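Presented below is the structure to which this report refers.
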Amino acid sequence: MGEKPKLFDLIKVNEPIFIEDIIKMYPTRSRQWIDHELSELTASGQLVRYATGIYYRPRKNRESISELDVSKVIREKYIERDGKVFGYVSGDKLLKVLGLINCEPDVMIIVTNKEKSRGRKVRLGDKEIYLIKPPTEISAVNVAVLRFLEAVRLINISDRNKWTINRLEDYIRKYNVTFSAVHQYCIYFPDSVSKKILGTSLIQALISKERYG
């Protein structure tokens, strides 16, 4: 395999590499040729097939070979990679990350541009993941406001629950979520989301961020 060094040069040890990236590395080769070469490399132990379309170059010692960090695989396959953002966690995992709940979910829900269906389950390593197509294309520009609106959609909020409101207001300040951004993307979420915002002090926090930064 004359081009094998090129492939190995571009793969860091214990880093996931995806079939779409390998295909881009060999633009003049057929998919059949690529599949054949990957089969040879995995058979010889130079690459490990982690899951369908995912490989890695393991670190070896006398007794074992290294394993990938499943969280890194999930992040790079469905959420962000090489500075490009194309997904975010949802469900209880999102609420936990934002400090709104304490429980760790059994199934991670991810909204991602990589999914075109209304929802399906997949498994990576020991993690079960539920993938959902996004309400609109996700990017680094809009991911903060989409995550905010998703959190509002998922949780019951009112001004009586100051603890929840304070954490959402902290998020608004930390991630520069403005009234204009919320107004632009609210159309992709149920009407209940805008009603929750308008019915609580979140609206004042958004307007304040818009005016004063």
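In the structure tokens, chains take the letters A, B, ... in the order shown, each chain's residues start at 1, and ligands count up from 1 in the order shown.
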
- Tell me, as a ChimeraX atom specification, which residues lie within 9 Å of A:Asp159, counting only C-alpha atoms; anything in the same chain fewer than 3 positions away does not count. /A:162,164-165,199-202

- Task: May I have all residues of stretch 38-211 of chain A that DSSP, computed from the backbone, assigns to helix (DSSP H, G or I), given as JSON, numbers by chain?
- Result: {"A": [38, 39, 40, 41, 42, 43, 70, 71, 72, 73, 74, 75, 76, 77, 78, 79, 91, 92, 93, 94, 95, 96, 97, 143, 144, 145, 146, 147, 148, 149, 150, 151, 152, 153, 154, 162, 163, 164, 165, 166, 167, 168, 169, 170, 171, 172, 173, 174, 179, 180, 181, 182, 183, 184, 185, 186, 187, 188, 191, 192, 193, 194, 195, 196, 197, 198, 202, 203, 204, 205, 206, 207, 208, 209, 210, 211]}

- Excluding A:Arg57 and residues on its chain fewer than 5 positions from it, collect all residues at most 12 Å away from it, counting only C-alpha atoms, and give them as JSON, numbers by chain. {"A": [7, 8, 9, 10, 11, 12, 13, 14, 15, 16, 17, 18, 38, 41, 42, 44, 45, 46, 47, 48, 49, 50, 65, 66, 67, 68]}

With N, CA and C atoms kept, could you save the residues just selected as a short mmCIF file (atom, residue, chain, number, x, y, z; two decimals), in the first residue's frame?
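Output file selection36.cif follows:
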data_model
loop_
_atom_site.label_atom_id
_atom_site.label_comp_id
_atom_site.auth_asym_id
_atom_site.auth_seq_id
_atom_site.Cartn_x
_atom_site.Cartn_y
_atom_site.Cartn_z
N LEU A 7 -1.61 7.98 5.29
CA LEU A 7 -2.70 7.73 6.22
C LEU A 7 -2.19 7.73 7.65
N PHE A 8 -1.11 7.02 7.93
CA PHE A 8 -0.57 6.96 9.28
C PHE A 8 -0.03 8.30 9.75
N ASP A 9 0.55 9.07 8.86
CA ASP A 9 1.07 10.38 9.25
C ASP A 9 -0.04 11.30 9.74
N LEU A 10 -1.22 11.12 9.20
CA LEU A 10 -2.33 12.02 9.55
C LEU A 10 -3.19 11.50 10.70
N ILE A 11 -2.89 10.32 11.18
CA ILE A 11 -3.66 9.77 12.30
C ILE A 11 -2.84 9.83 13.57
N LYS A 12 -3.35 10.54 14.55
CA LYS A 12 -2.69 10.57 15.85
C LYS A 12 -3.08 9.32 16.64
N VAL A 13 -2.17 8.86 17.45
CA VAL A 13 -2.44 7.68 18.26
C VAL A 13 -3.60 7.97 19.22
N ASN A 14 -4.52 7.02 19.28
CA ASN A 14 -5.68 7.11 20.17
C ASN A 14 -6.62 8.27 19.86
N GLU A 15 -6.68 8.65 18.59
CA GLU A 15 -7.63 9.67 18.14
C GLU A 15 -8.56 9.02 17.12
N PRO A 16 -9.87 9.28 17.21
CA PRO A 16 -10.78 8.68 16.23
C PRO A 16 -10.57 9.28 14.84
N ILE A 17 -10.69 8.44 13.83
CA ILE A 17 -10.70 8.92 12.45
C ILE A 17 -11.93 8.31 11.78
N PHE A 18 -12.63 9.12 11.02
CA PHE A 18 -13.91 8.71 10.45
C PHE A 18 -13.76 8.40 8.97
N LEU A 38 -8.48 -0.71 4.43
CA LEU A 38 -8.83 -0.63 5.85
C LEU A 38 -8.97 -2.03 6.45
N LEU A 41 -5.48 -3.26 7.13
CA LEU A 41 -4.86 -2.57 8.26
C LEU A 41 -5.45 -3.03 9.59
N THR A 42 -6.76 -3.27 9.62
CA THR A 42 -7.38 -3.75 10.87
C THR A 42 -7.01 -5.20 11.13
N SER A 44 -4.21 -6.59 10.43
CA SER A 44 -2.83 -6.62 10.92
C SER A 44 -2.68 -5.96 12.28
N GLY A 45 -3.76 -5.32 12.78
CA GLY A 45 -3.71 -4.66 14.08
C GLY A 45 -3.15 -3.26 14.06
N GLN A 46 -2.84 -2.74 12.87
CA GLN A 46 -2.32 -1.37 12.79
C GLN A 46 -3.41 -0.33 13.04
N LEU A 47 -4.63 -0.67 12.65
CA LEU A 47 -5.80 0.14 12.97
C LEU A 47 -6.80 -0.74 13.71
N VAL A 48 -7.64 -0.10 14.53
CA VAL A 48 -8.74 -0.79 15.20
C VAL A 48 -10.05 -0.20 14.69
N ARG A 49 -10.97 -1.07 14.34
CA ARG A 49 -12.31 -0.61 13.95
C ARG A 49 -13.13 -0.46 15.23
N TYR A 50 -13.39 0.80 15.60
CA TYR A 50 -14.10 1.09 16.85
C TYR A 50 -15.60 0.84 16.70
N ILE A 65 -3.79 -3.21 24.19
CA ILE A 65 -3.82 -2.04 23.32
C ILE A 65 -4.76 -1.01 23.93
N SER A 66 -4.54 0.23 23.60
CA SER A 66 -5.33 1.31 24.18
C SER A 66 -6.74 1.32 23.62
N GLU A 67 -7.64 1.98 24.34
CA GLU A 67 -9.02 2.15 23.89
C GLU A 67 -9.34 3.63 23.77
N LEU A 68 -10.29 3.93 22.91
CA LEU A 68 -10.69 5.31 22.71
C LEU A 68 -11.59 5.79 23.86
#

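If you look at atom CA of A:Ser194 and atom CA of A:Asp92, they are 20.5 Å away from each other.
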
- Message: So, with only C-alpha atoms as the atoms that count, which of A:Val97, A:Met25, A:Ile207, A:Ile109 lies closest to A:Ile79?
- Response: A:Ile109

- Item | Atom pair atom CA of A:Ile74 / atom CA of A:Gly53: separation (Å) | 12.9 Å

Within 9 Å of A:Phe148 using only C-alpha atoms, minus same-chain residues under 6 positions, as a compact mmCIF listing (two decimals) with C-alpha atoms, in the first residue's frame:
# COMPACT_ATOMS: atom_id res chain seq x y z
CA LEU A 168 -30.69 30.50 32.83
CA TYR A 171 -26.24 31.22 30.74
CA ILE A 172 -27.54 34.31 28.90
CA VAL A 177 -27.56 35.22 24.21
CA VAL A 182 -33.92 34.48 20.60

- Query: What is the atom CA of A:Lys121 to atom CA of A:Val143 distance in Å?
  - Reply: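 That distance, rounded to one decimal, is 22.4 Å.
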
Could you pull out all residues of chain A with a DSSP call of strand (DSSP E or B) and give them as a PDB file with C-alpha atoms, in the first residue's frame?
ATOM      1  CA  VAL A  13      -2.444   7.676  18.263  1.00  0.00           C
ATOM      2  CA  PRO A  16     -10.781   8.684  16.233  1.00  0.00           C
ATOM      3  CA  ILE A  17     -10.705   8.919  12.450  1.00  0.00           C
ATOM      4  CA  PHE A  18     -13.912   8.710  10.446  1.00  0.00           C
ATOM      5  CA  VAL A  48      -8.739  -0.794  15.199  1.00  0.00           C
ATOM      6  CA  ARG A  49     -12.310  -0.615  13.952  1.00  0.00           C
ATOM      7  CA  TYR A  50     -14.098   1.088  16.852  1.00  0.00           C
ATOM      8  CA  ALA A  51     -17.557   1.125  15.251  1.00  0.00           C
ATOM      9  CA  ILE A  54     -14.829   4.825  12.923  1.00  0.00           C
ATOM     10  CA  TYR A  55     -11.214   3.693  13.287  1.00  0.00           C
ATOM     11  CA  TYR A  56      -8.224   4.541  15.438  1.00  0.00           C
ATOM     12  CA  ARG A  57      -4.509   3.863  15.684  1.00  0.00           C
ATOM     13  CA  LYS A  60       0.268  -0.817  22.197  1.00  0.00           C
ATOM     14  CA  ILE A  65      -3.816  -2.038  23.323  1.00  0.00           C
ATOM     15  CA  GLU A  80     -18.021  19.454  17.021  1.00  0.00           C
ATOM     16  CA  ARG A  81     -14.746  18.746  15.286  1.00  0.00           C
ATOM     17  CA  LYS A  84     -16.825  23.260  13.279  1.00  0.00           C
ATOM     18  CA  VAL A  85     -19.963  22.962  15.428  1.00  0.00           C
ATOM     19  CA  GLY A  87     -24.639  19.528  17.215  1.00  0.00           C
ATOM     20  CA  TYR A  88     -25.431  19.859  20.908  1.00  0.00           C
ATOM     21  CA  VAL A  89     -26.603  17.635  23.735  1.00  0.00           C
ATOM     22  CA  SER A  90     -30.261  17.815  24.698  1.00  0.00           C
ATOM     23  CA  VAL A 107     -29.501   7.710  27.278  1.00  0.00           C
ATOM     24  CA  MET A 108     -27.723  10.757  25.876  1.00  0.00           C
ATOM     25  CA  ILE A 109     -29.852  12.803  23.471  1.00  0.00           C
ATOM     26  CA  ILE A 110     -27.971  14.703  20.758  1.00  0.00           C
ATOM     27  CA  VAL A 111     -29.426  17.151  18.265  1.00  0.00           C
ATOM     28  CA  THR A 112     -27.108  17.102  15.262  1.00  0.00           C
ATOM     29  CA  ARG A 120     -33.125   6.984  16.277  1.00  0.00           C
ATOM     30  CA  LYS A 121     -30.971   5.157  18.805  1.00  0.00           C
ATOM     31  CA  VAL A 122     -27.344   4.209  18.221  1.00  0.00           C
ATOM     32  CA  ARG A 123     -24.640   2.820  20.487  1.00  0.00           C
ATOM     33  CA  LEU A 124     -21.017   3.896  20.696  1.00  0.00           C
ATOM     34  CA  LYS A 127     -23.044   4.708  25.564  1.00  0.00           C
ATOM     35  CA  GLU A 128     -26.559   4.585  24.152  1.00  0.00           C
ATOM     36  CA  ILE A 129     -27.344   7.722  22.170  1.00  0.00           C
ATOM     37  CA  TYR A 130     -30.585   9.074  20.748  1.00  0.00           C
ATOM     38  CA  LEU A 131     -29.972  11.219  17.665  1.00  0.00           C
ATOM     39  CA  ILE A 132     -32.421  13.889  16.493  1.00  0.00           C
TER      40      ILE A 132
END

- Residues at most 12 Å from A:Gly99, counting only C-alpha atoms, excluding those fewer than 3 positions away in the same chain, as a ChimeraX atom specification? /A:92-96,102-104,151,163-168,170-171
